[in-house]
file query-v8.tsv (TSV, C-alpha atoms and all ligand atoms)
chain	number	residue	atom	x	y	z
A	1	MET	CA	25.45	-25.06	26.77
A	2	LYS	CA	21.86	-26.34	26.73
A	3	VAL	CA	20.16	-24.91	23.64
A	4	LEU	CA	16.56	-25.20	22.42
A	5	VAL	CA	16.23	-24.67	18.68
A	6	TYR	CA	12.85	-23.33	17.55
A	7	SER	CA	11.41	-23.64	14.02
A	8	ALA	CA	13.70	-26.63	13.55
A	9	ASN	CA	13.01	-28.44	10.30
A	10	GLN	CA	15.12	-31.37	9.15
A	11	TYR	CA	17.82	-29.36	7.36
A	12	THR	CA	18.24	-27.16	10.44
A	13	ARG	CA	18.73	-30.22	12.64
A	14	ASP	CA	21.21	-31.79	10.20
A	15	MET	CA	23.29	-28.61	9.79
A	16	LEU	CA	23.47	-27.77	13.50
A	17	ASP	CA	24.26	-31.36	14.55
A	18	LYS	CA	27.11	-31.40	12.02
A	19	ALA	CA	28.48	-28.03	13.19
A	20	ASN	CA	28.20	-29.10	16.85
A	21	LYS	CA	30.47	-32.15	16.33
A	22	GLY	CA	33.50	-31.62	18.54
A	23	CYS	CA	31.60	-29.18	20.77
A	24	ASP	CA	29.57	-30.45	23.69
A	25	HIS	CA	26.48	-28.26	23.43
A	26	GLN	CA	23.30	-30.08	24.32
A	27	ILE	CA	21.01	-29.15	21.45
A	28	ASN	CA	17.32	-30.06	21.42
A	29	TYR	CA	14.89	-29.23	18.67
A	30	SER	CA	11.29	-28.10	18.41
A	31	ASP	CA	9.30	-27.85	15.17
A	32	ALA	CA	7.26	-25.07	16.76
A	33	PRO	CA	8.05	-21.42	16.10
A	34	LEU	CA	8.85	-19.26	19.14
A	35	THR	CA	5.72	-17.38	20.21
A	36	GLU	CA	4.10	-16.36	23.47
A	37	LEU	CA	2.49	-19.83	23.57
A	38	THR	CA	5.64	-21.85	22.90
A	39	ALA	CA	8.14	-19.85	24.99
A	40	ILE	CA	7.36	-22.21	27.88
A	41	LEU	CA	9.25	-24.99	26.07
A	42	ALA	CA	12.46	-23.09	26.89
A	43	GLN	CA	12.15	-23.83	30.62
A	44	GLY	CA	15.42	-25.37	31.78
A	45	TYR	CA	17.44	-23.99	28.82
A	46	CYS	CA	20.19	-21.30	28.96
A	47	SER	CA	19.84	-20.46	25.30
A	48	VAL	CA	17.33	-20.52	22.44
A	49	CYS	CA	18.13	-20.54	18.74
A	50	CYS	CA	15.64	-18.82	16.39
A	51	PHE	CA	14.95	-18.02	12.75
A	52	VAL	CA	13.37	-15.21	10.73
A	53	ASP	CA	9.72	-15.80	11.56
A	54	ASP	CA	10.04	-16.52	15.29
A	55	ASP	CA	8.26	-13.73	17.15
A	56	ILE	CA	10.67	-12.55	19.83
A	57	ASN	CA	8.50	-9.79	21.26
A	58	ALA	CA	8.56	-8.19	24.72
A	59	GLU	CA	6.25	-10.76	26.32
A	60	VAL	CA	8.26	-13.66	24.88
A	61	LEU	CA	11.50	-12.08	26.16
A	62	ARG	CA	10.06	-11.58	29.64
A	63	GLN	CA	9.02	-15.24	29.72
A	64	LEU	CA	12.41	-16.43	28.46
A	65	ALA	CA	14.21	-14.31	31.10
A	66	SER	CA	12.01	-15.75	33.86
A	67	PHE	CA	13.07	-19.27	32.78
A	68	GLY	CA	16.76	-18.27	32.99
A	69	VAL	CA	17.43	-17.97	29.24
A	70	GLN	CA	20.51	-15.75	28.84
A	71	LEU	CA	21.29	-16.06	25.15
A	72	ILE	CA	19.31	-15.91	21.90
A	73	VAL	CA	21.23	-17.02	18.84
A	74	LEU	CA	19.58	-16.08	15.54
A	75	ARG	CA	20.23	-18.25	12.48
A	76	CYS	CA	19.84	-15.21	10.23
A	77	THR	CA	21.16	-11.72	9.47
A	78	GLY	CA	18.05	-9.59	10.07
A	79	PHE	CA	16.92	-9.07	13.68
A	80	ASN	CA	13.74	-7.06	13.04
A	81	ASN	CA	11.76	-9.84	14.77
A	82	VAL	CA	13.47	-9.20	18.14
A	83	ASP	CA	12.50	-6.45	20.60
A	84	ILE	CA	16.10	-5.44	21.25
A	85	ALA	CA	15.30	-2.87	23.96
A	86	GLU	CA	13.35	-5.48	25.93
A	87	ALA	CA	16.17	-8.03	25.49
A	88	GLU	CA	18.61	-5.48	26.96
A	89	LYS	CA	16.22	-4.75	29.82
A	90	ASN	CA	16.06	-8.47	30.61
A	91	ARG	CA	19.85	-8.88	30.21
A	92	ILE	CA	19.47	-11.39	27.39
A	93	THR	CA	22.33	-11.40	24.90
A	94	VAL	CA	21.22	-11.55	21.25
A	95	MET	CA	23.62	-12.77	18.57
A	96	ARG	CA	22.99	-13.21	14.86
A	97	VAL	CA	24.85	-14.36	11.76
A	98	ALA	CA	25.81	-10.98	10.36
A	99	SER	CA	27.52	-12.44	7.36
A	100	TYR	CA	27.15	-15.63	5.35
A	101	SER	CA	27.32	-16.39	1.66
A	102	PRO	CA	26.01	-13.17	0.08
A	103	TYR	CA	26.14	-15.14	-3.19
A	104	SER	CA	23.14	-17.21	-2.07
A	105	VAL	CA	20.78	-14.21	-1.99
A	106	ALA	CA	22.43	-12.20	-4.79
A	107	GLU	CA	22.34	-15.15	-7.21
A	108	PHE	CA	18.70	-15.89	-6.30
A	109	THR	CA	17.88	-12.24	-6.97
A	110	VAL	CA	19.34	-12.56	-10.48
A	111	ALA	CA	17.33	-15.77	-10.95
A	112	MET	CA	14.17	-13.80	-10.11
A	113	MET	CA	15.10	-10.98	-12.49
A	114	LEU	CA	15.73	-13.37	-15.38
A	115	THR	CA	12.62	-15.46	-14.65
A	116	LEU	CA	10.36	-12.41	-14.65
A	117	ASN	CA	12.03	-10.80	-17.64
A	118	ARG	CA	12.04	-13.93	-19.83
A	119	LYS	CA	8.78	-15.34	-18.33
A	120	LEU	CA	10.33	-18.72	-17.49
A	121	HIS	CA	7.66	-19.39	-14.84
A	122	ARG	CA	5.01	-19.14	-17.56
A	123	SER	CA	6.86	-21.05	-20.27
A	124	TYR	CA	7.52	-23.94	-17.83
A	125	ASN	CA	3.76	-24.41	-17.40
A	126	ARG	CA	2.92	-23.84	-21.07
A	127	VAL	CA	5.33	-26.46	-22.42
A	128	LYS	CA	4.04	-29.04	-19.90
A	129	GLU	CA	0.57	-28.56	-21.40
A	130	GLY	CA	1.80	-28.75	-24.98
A	131	ASN	CA	1.40	-25.01	-25.64
A	132	PHE	CA	4.44	-23.86	-27.60
A	133	LEU	CA	3.20	-20.36	-28.48
A	134	LEU	CA	5.57	-17.54	-27.59
A	135	ASP	CA	2.90	-14.83	-27.30
A	136	GLY	CA	3.22	-13.05	-23.97
A	137	LEU	CA	6.74	-14.36	-23.34
A	138	LEU	CA	8.68	-11.45	-24.89
A	139	GLY	CA	11.57	-10.26	-22.71
A	140	PHE	CA	14.42	-7.76	-23.03
A	141	ASP	CA	18.22	-7.95	-23.12
A	142	MET	CA	19.73	-7.33	-19.70
A	143	HIS	CA	22.72	-5.86	-21.51
A	144	GLY	CA	22.69	-2.06	-21.28
A	145	LYS	CA	19.62	-1.91	-19.02
A	146	THR	CA	19.61	0.15	-15.82
A	147	VAL	CA	19.36	-1.74	-12.55
A	148	GLY	CA	18.76	0.21	-9.33
A	149	ILE	CA	20.21	-1.47	-6.25
A	150	VAL	CA	18.67	-0.16	-3.04
A	151	GLY	CA	21.21	-1.05	-0.35
A	152	THR	CA	24.78	-1.87	-1.30
A	153	GLY	CA	25.92	-3.83	1.74
A	154	LYS	CA	27.19	-7.39	1.38
A	155	ILE	CA	24.31	-8.69	-0.78
A	156	GLY	CA	23.73	-5.51	-2.82
A	157	ALA	CA	27.47	-5.24	-3.61
A	158	THR	CA	27.60	-8.91	-4.65
A	159	LEU	CA	24.60	-8.31	-6.90
A	160	ALA	CA	26.39	-5.30	-8.42
A	161	ARG	CA	29.41	-7.50	-9.24
A	162	ILE	CA	27.22	-10.12	-10.95
A	163	LEU	CA	25.22	-7.53	-12.92
A	164	SER	CA	28.36	-5.74	-14.08
A	165	GLY	CA	29.05	-9.04	-15.93
A	166	PHE	CA	25.75	-8.54	-17.77
A	167	GLN	CA	27.00	-5.04	-18.67
A	168	CYS	CA	24.03	-3.41	-16.97
A	169	LYS	CA	24.14	0.26	-15.97
A	170	LEU	CA	24.09	0.27	-12.18
A	171	LEU	CA	22.48	2.91	-9.98
A	172	ALA	CA	22.47	2.64	-6.19
A	173	TYR	CA	20.96	4.24	-3.13
A	174	ASP	CA	22.42	3.74	0.35
A	175	ILE	CA	23.21	5.89	3.38
A	176	VAL	CA	26.80	4.61	3.09
A	177	GLU	CA	28.49	4.70	-0.31
A	178	SER	CA	30.72	1.72	-1.05
A	179	ALA	CA	34.06	2.52	-2.72
A	180	HIS	CA	34.11	-1.05	-4.04
A	181	CYS	CA	30.77	-0.50	-5.80
A	182	GLN	CA	31.92	2.84	-7.18
A	183	GLN	CA	34.98	1.10	-8.66
A	184	LEU	CA	32.59	-1.30	-10.41
A	185	GLY	CA	30.94	1.72	-12.03
A	186	VAL	CA	27.95	1.95	-9.70
A	187	LYS	CA	26.57	5.50	-9.55
A	188	TYR	CA	24.99	6.60	-6.25
A	189	VAL	CA	21.87	8.71	-6.74
A	190	PRO	CA	18.91	9.80	-4.58
A	191	LEU	CA	16.19	7.13	-4.21
A	192	LYS	CA	13.78	9.19	-6.30
A	193	GLU	CA	16.17	9.27	-9.28
A	194	LEU	CA	16.97	5.55	-8.92
A	195	LEU	CA	13.27	4.64	-9.01
A	196	GLN	CA	12.58	6.91	-11.99
A	197	LYS	CA	15.50	5.71	-14.11
A	198	SER	CA	15.73	1.98	-13.40
A	199	ASN	CA	14.39	-0.82	-15.58
A	200	ILE	CA	14.81	-3.16	-12.61
A	201	VAL	CA	14.81	-2.16	-8.93
A	202	SER	CA	16.15	-4.59	-6.30
A	203	LEU	CA	15.86	-4.09	-2.53
A	204	HIS	CA	18.75	-5.06	-0.21
A	205	LEU	CA	18.08	-3.11	2.99
A	206	PRO	CA	17.45	-4.27	6.53
A	207	LEU	CA	13.95	-3.72	7.90
A	208	THR	CA	14.11	-0.82	10.36
A	209	PRO	CA	11.69	1.98	11.30
A	210	ASP	CA	13.37	4.05	8.54
A	211	THR	CA	12.90	1.43	5.83
A	212	PHE	CA	9.42	0.17	6.81
A	213	HIS	CA	7.13	0.56	3.74
A	214	LEU	CA	9.88	2.38	1.85
A	215	ILE	CA	8.11	1.11	-1.25
A	216	ASN	CA	4.58	2.53	-1.09
A	217	SER	CA	2.13	4.25	-3.43
A	218	ASP	CA	4.34	7.38	-3.62
A	219	THR	CA	7.59	5.58	-4.39
A	220	LEU	CA	5.89	3.03	-6.65
A	221	GLY	CA	4.44	6.01	-8.52
A	222	LEU	CA	7.98	7.07	-9.46
A	223	MET	CA	8.78	3.77	-11.18
A	224	GLN	CA	8.42	3.12	-14.90
A	225	ASP	CA	5.36	1.10	-15.98
A	226	SER	CA	7.75	-1.31	-17.71
A	227	ALA	CA	9.93	-1.80	-14.62
A	228	ILE	CA	10.50	-4.95	-12.56
A	229	LEU	CA	10.67	-4.79	-8.75
A	230	ILE	CA	12.47	-7.47	-6.71
A	231	ASN	CA	12.36	-7.82	-2.94
A	232	THR	CA	14.59	-10.50	-1.39
A	233	SER	CA	15.18	-8.56	1.86
A	234	ARG	CA	12.23	-8.28	4.25
A	235	GLY	CA	8.53	-8.20	3.35
A	236	ALA	CA	7.63	-5.02	5.19
A	237	LEU	CA	9.97	-2.91	3.04
A	238	VAL	CA	7.02	-2.98	0.64
A	239	ASP	CA	3.46	-1.87	1.44
A	240	THR	CA	1.61	-4.89	0.04
A	241	GLU	CA	-1.75	-3.16	-0.41
A	242	ASP	CA	-0.13	-0.28	-2.32
A	243	LEU	CA	1.74	-2.80	-4.48
A	244	ILE	CA	-1.46	-4.68	-5.32
A	245	ALA	CA	-3.18	-1.40	-6.26
A	246	VAL	CA	-0.33	-0.55	-8.66
A	247	LEU	CA	-0.35	-4.06	-10.18
A	248	LYS	CA	-4.12	-3.84	-10.74
A	249	GLN	CA	-3.54	-0.57	-12.63
A	250	ARG	CA	-0.97	-2.45	-14.81
A	251	ARG	CA	1.74	-0.03	-13.72
A	252	LEU	CA	4.56	-2.56	-13.20
A	253	ALA	CA	5.86	-5.19	-15.64
A	254	GLY	CA	6.94	-7.70	-13.03
A	255	VAL	CA	7.40	-8.22	-9.31
A	256	GLY	CA	9.58	-10.84	-7.60
A	257	LEU	CA	8.95	-11.36	-3.89
A	258	ASP	CA	10.95	-13.84	-1.85
A	259	VAL	CA	9.65	-12.19	1.32
A	260	TYR	CA	6.19	-11.04	2.35
A	261	GLU	CA	4.94	-8.78	5.16
A	262	GLU	CA	2.73	-11.44	6.75
A	263	GLU	CA	4.89	-14.42	5.84
A	264	SER	CA	5.23	-15.88	9.36
A	265	GLU	CA	1.74	-17.44	9.15
A	266	LEU	CA	2.54	-19.11	5.84
A	267	TYR	CA	6.17	-19.71	5.05
A	268	TYR	CA	8.02	-22.88	6.03
A	269	HIS	CA	4.70	-24.75	6.50
A	270	ASP	CA	2.92	-27.21	4.20
A	271	LEU	CA	-0.54	-25.67	3.83
A	272	ARG	CA	-1.64	-27.63	0.76
A	273	ASP	CA	-4.77	-28.97	2.46
A	274	GLN	CA	-5.79	-25.64	3.92
A	275	ILE	CA	-7.63	-22.56	2.72
A	276	ILE	CA	-5.32	-19.56	2.88
A	277	ASP	CA	-7.08	-16.76	4.77
A	278	ASP	CA	-4.68	-14.03	3.69
A	279	ASP	CA	-6.48	-12.31	0.79
A	280	ASN	CA	-3.54	-10.03	-0.05
A	281	PHE	CA	-1.27	-13.05	-0.45
A	282	SER	CA	-3.83	-14.85	-2.62
A	283	ARG	CA	-4.24	-11.73	-4.78
A	284	LEU	CA	-0.48	-11.37	-5.20
A	285	VAL	CA	0.03	-14.94	-6.41
A	286	SER	CA	-2.86	-14.55	-8.85
A	287	PHE	CA	-1.01	-11.99	-11.01
A	288	PRO	CA	0.76	-13.61	-13.99
A	289	ASN	CA	3.62	-11.10	-13.67
A	290	VAL	CA	4.27	-11.72	-9.96
A	291	LEU	CA	6.69	-14.42	-8.84
A	292	VAL	CA	6.42	-15.34	-5.17
A	293	THR	CA	8.82	-17.69	-3.39
A	294	GLY	CA	8.77	-18.68	0.28
A	295	HIS	CA	11.84	-16.92	1.73
A	296	GLN	CA	14.30	-19.28	0.11
A	297	ALA	CA	16.96	-16.92	-1.27
A	298	PHE	CA	19.46	-17.92	1.45
A	299	PHE	CA	18.88	-21.64	0.83
A	300	THR	CA	22.14	-23.00	-0.56
A	301	ARG	CA	24.40	-25.68	0.90
A	302	GLU	CA	27.18	-23.17	1.41
A	303	ALA	CA	24.98	-20.65	3.20
A	304	LEU	CA	23.47	-23.29	5.51
A	305	GLU	CA	26.93	-24.53	6.51
A	306	GLU	CA	28.15	-21.01	7.20
A	307	ILE	CA	25.02	-20.20	9.24
A	308	ALA	CA	25.40	-23.37	11.32
A	309	ASP	CA	29.14	-22.86	11.92
A	310	ALA	CA	28.63	-19.20	12.90
A	311	THR	CA	25.73	-20.14	15.23
A	312	ILE	CA	27.85	-22.70	17.09
A	313	GLN	CA	30.76	-20.24	17.18
A	314	ASN	CA	28.44	-17.61	18.67
A	315	ILE	CA	27.48	-20.02	21.47
A	316	ASN	CA	31.16	-20.91	22.04
A	317	ASP	CA	32.13	-17.23	22.21
A	318	TYR	CA	29.30	-16.38	24.58
A	319	GLU	CA	30.31	-19.24	26.90
A	320	ALA	CA	33.93	-18.08	26.80
A	321	GLY	CA	32.82	-14.52	27.64
A	322	HIS	CA	33.95	-13.11	24.27
A	323	GLU	CA	31.90	-10.55	22.38
A	324	ASN	CA	32.14	-10.93	18.63
A	325	SER	CA	30.90	-8.95	15.64
A	326	ASN	CA	27.64	-10.95	15.70
A	327	THR	CA	26.68	-9.64	19.15
A	328	ILE	CA	23.69	-7.26	18.94
A	329	THR	CA	23.06	-6.74	22.67
B	401	LIG	P1	24.19	-5.38	5.03
B	401	LIG	O1	24.05	-4.92	6.45
B	401	LIG	O2	25.53	-5.85	4.57
B	401	LIG	O3	23.71	-4.21	4.03
B	401	LIG	C1	22.60	-3.40	4.28
B	401	LIG	C2	22.82	-2.05	3.61
B	401	LIG	O4	21.66	-1.26	3.84
B	401	LIG	C3	24.02	-1.28	4.20
B	401	LIG	O5	24.88	-0.86	3.15
B	401	LIG	C4	23.38	-0.07	4.90
B	401	LIG	O6	24.16	1.12	4.85
B	401	LIG	C5	22.08	0.08	4.11
B	401	LIG	N1	21.03	0.77	4.85
B	401	LIG	C6	20.60	0.52	6.11
B	401	LIG	N2	19.60	1.34	6.44
B	401	LIG	C7	19.38	2.16	5.37
B	401	LIG	C8	18.48	3.21	5.09
B	401	LIG	N3	17.59	3.61	5.99
B	401	LIG	N4	18.55	3.80	3.87
B	401	LIG	C9	19.44	3.41	2.95
B	401	LIG	N5	20.35	2.42	3.16
B	401	LIG	C10	20.31	1.78	4.35
B	401	LIG	O7	23.09	-6.50	4.84
B	401	LIG	P2	23.09	-7.67	3.75
B	401	LIG	O8	23.83	-8.85	4.27
B	401	LIG	O9	23.44	-7.11	2.41
B	401	LIG	O10	21.53	-8.09	3.78
B	401	LIG	C11	20.52	-7.17	3.37
B	401	LIG	C12	19.18	-7.70	3.84
B	401	LIG	O11	18.87	-8.90	3.13
B	401	LIG	C13	19.17	-8.15	5.31
B	401	LIG	O12	18.91	-7.07	6.19
B	401	LIG	C14	18.06	-9.17	5.36
B	401	LIG	O13	16.87	-8.52	5.72
B	401	LIG	C15	17.96	-9.66	3.90
B	401	LIG	N6	18.28	-11.08	3.75
B	401	LIG	C16	17.36	-11.88	3.13
B	401	LIG	C17	17.62	-13.23	2.95
B	401	LIG	C18	16.66	-14.15	2.23
B	401	LIG	O14	16.78	-15.38	2.31
B	401	LIG	N7	15.68	-13.64	1.49
B	401	LIG	C19	18.84	-13.76	3.41
B	401	LIG	C20	19.76	-12.91	4.01
B	401	LIG	C21	19.47	-11.56	4.18

call {"tool": "encode", "arguments": {"input": "query-v8.tsv", "output": "structure tokens", "more": "lines below"}}
Ligand code: NAD
result
Amino acid sequence: MKVLVYSANQYTRDMLDKANKGCDHQINYSDAPLTELTAILAQGYCSVCCFVDDDINAEVLRQLASFGVQLIVLRCTGFNNVDIAEAEKNRITVMRVASYSPYSVAEFTVAMMLTLNRKLHRSYNRVKEGNFLLDGLLGFDMHGKTVGIVGTGKIGATLARILSGFQCKLLAYDIVESAHCQQLGVKYVPLKELLQKSNIVSLHLPLTPDTFHLINSDTLGLMQDSAILINTSRGALVDTEDLIAVLKQRRLAGVGLDVYEEESELYYHDLRDQIIDDDNFSRLVSFPNVLVTGHQAFFTREALEEIADATIQNINDYEAGHENSNTIT
């Protein structure tokens, strides 16, 4: 199949070329993200391959359909950036990678928790400048602390397994209760109770109309002033302006954000020579107790290989007329 890969940086090209060995898909790459302006590049292709910040809105889908694109393969789990109803209307099949190394994101989440708790991001800079004072670097033992896991699917459950090794008390909130998590000692409680009782809250939900701005001034108001909030799921689970207001009032001890509501303008680009216009982003990174990373939680060798293999398998299955568990429409 002839496939155009959007948002294709070097590691994407390397991983897909490797996974395509032995298959005869004709894969071409574009550095550009998929937008209304770049959809035209897909003329002559049957399929496009996209990532988290490609904007697959109704207009883009109508353009792709008019060029004869029949398949969109996403190199990610979340599909909040695709107008699914419009894809169905235009008879475009959308496939994703529903499952790949949950360890990549769960382990990164723990790295964020420990960094914020023990202030490693600050001590790294201090020691470089010859400042060996410990003032301001005081942390707490993870042992015995309460961690609230919001969403106990593949990543949330993996996080629960890791944190049970720290002997944390684990609370969870999900519309589906996992027996595996309950066996680990996880206690399911309403979201309100989880937010009130947790020393650390970690978000592992998909972005849907139900979860959009789940964390806002009301829900942030339930959290302890000494709590840490981690979001490695999707930026718009958190209302950024409400979060900034709470941080300015010194009502959270730490915030770790691997994802950001308006990340598509920023992430995966080198903007070192540019002035960043997004004032909310600039305000967030200015707080000493906020750790921002550029949507990198998935970024391990194992995860990349699994994403690439599943993407090629999705194209193979589509060509063979087989639906698989990665088919969304
Ligand atoms: P999953 O589908 O296995 O788990 C999601 C869980 O959320 C499920 O248990 C589901 O029941 C629950 N859920 C859904 N809607 C809910 C609601 N309204 N209220 C309460 N619970 C709800 O997904 P996963 O593989 O664990 O991934 C979780 C999220 O992590 C993904 O949706 C994606 O957005 C994000 N993610 C981020 C990265 C990264 O690099 N930062 C990488 C992969 C995935």

call {"tool": "closest_residue", "arguments": {"input": "query-v8.tsv", "among": "A:Leu34, A:Leu191, A:Cys49, A:Val94", "to": "Ile175 of chain A", "atoms": "all atoms listed in the file"}}
result
A:Leu191

call {"tool": "atom_distance", "arguments": {"input": "query-v8.tsv", "atom1": "atom CA of Asp225 of chain A", "atom2": "atom CA of Leu252 of chain A"}}
result
4.7 Å

call {"tool": "closest_residue", "arguments": {"input": "query-v8.tsv", "among": "A:His204, A:Arg96, A:Lys119, A:His143", "to": "ligand LIG 401 (chain B)", "atoms": "only C-alpha atoms and all ligand atoms"}}
result
A:His204

call {"tool": "residues_near_ligand", "arguments": {"input": "query-v8.tsv", "ligand": "ligand LIG 401 (chain B)", "cutoff": "9 Å", "atoms": "only C-alpha atoms and all ligand atoms", "output": "PyMOL selection string"}}
result
chain A and resi 76-80+98-102+104-106+108-109+150-158+173-178+191+203-212+214+231-235+257-259+294-299

call {"tool": "closest_residue", "arguments": {"input": "query-v8.tsv", "among": "A:Asp24, A:Asp141, A:Glu36, A:Glu265", "to": "Asp53 of chain A", "atoms": "only C-alpha atoms"}}
result
A:Glu265

call {"tool": "atom_distance", "arguments": {"input": "query-v8.tsv", "atom1": "atom CA of Ile56 of chain A", "atom2": "atom CA of Leu71 of chain A"}}
result
12.4 Å

call {"tool": "atom_distance", "arguments": {"input": "query-v8.tsv", "atom1": "atom CA of Asp31 of chain A", "atom2": "atom CA of Val5 of chain A"}}
result
8.4 Å

call {"tool": "closest_residue", "arguments": {"input": "query-v8.tsv", "among": "A:Gly148, A:Gly185, A:Val48, A:Thr219", "to": "Gly165 of chain A", "atoms": "all atoms listed in the file"}}
result
A:Gly185

call {"tool": "residues_around", "arguments": {"input": "query-v8.tsv", "residues": "Ser226 of chain A", "least_positions_apart": "6", "cutoff": "8 Å", "atoms": "only C-alpha atoms", "output": "NGL selection string"}}
result
:A and (199 or 251-254)

call {"tool": "write_last_selection", "arguments": {"input": "query-v8.tsv", "atoms": "C-alpha atoms", "output": "PDB file, keeping the file's coordinate frame"}}
result
ATOM      1  CA  ASN A 199      14.390  -0.820 -15.580  1.00  0.00           C
ATOM      2  CA  ARG A 251       1.740  -0.030 -13.720  1.00  0.00           C
ATOM      3  CA  LEU A 252       4.560  -2.560 -13.200  1.00  0.00           C
ATOM      4  CA  ALA A 253       5.860  -5.190 -15.640  1.00  0.00           C
ATOM      5  CA  GLY A 254       6.940  -7.700 -13.030  1.00  0.00           C
TER       6      GLY A 254
END

call {"tool": "closest_residue", "arguments": {"input": "query-v8.tsv", "among": "A:Asp54, A:Glu263, A:Glu107, A:Glu59", "to": "Ala87 of chain A", "atoms": "all atoms listed in the file"}}
result
A:Glu59

call {"tool": "axis_aligned_box", "arguments": {"input": "query-v8.tsv", "around": "segment 18-21 of chain A", "padding_each_side": "3 Å", "output": "AutoDock Vina command-line options"}}
result
--center_x 28.8 --center_y -30.1 --center_z 14.4 --size_x 9.4 --size_y 10.1 --size_z 10.8

call {"tool": "residues_near_point", "arguments": {"input": "query-v8.tsv", "point": "(12.7, -6.7, -10.1)", "cutoff": "7 Å", "atoms": "only C-alpha atoms", "output": "ChimeraX atom specification"}}
result
/A:113,200-202,228-230,254-256

call {"tool": "residues_around", "arguments": {"input": "query-v8.tsv", "residues": "Asn57 of chain A", "least_positions_apart": "3", "cutoff": "7 Å", "atoms": "all atoms listed in the file", "output": "list in words"}}
result
Val60, Leu61, Val82 and Asp83 of chain A

call {"tool": "residues_around", "arguments": {"input": "query-v8.tsv", "residues": "Gly144 of chain A", "least_positions_apart": "4", "cutoff": "7 Å", "atoms": "only C-alpha atoms", "output": "VMD selection string"}}
result
chain A and resid 167 to 169
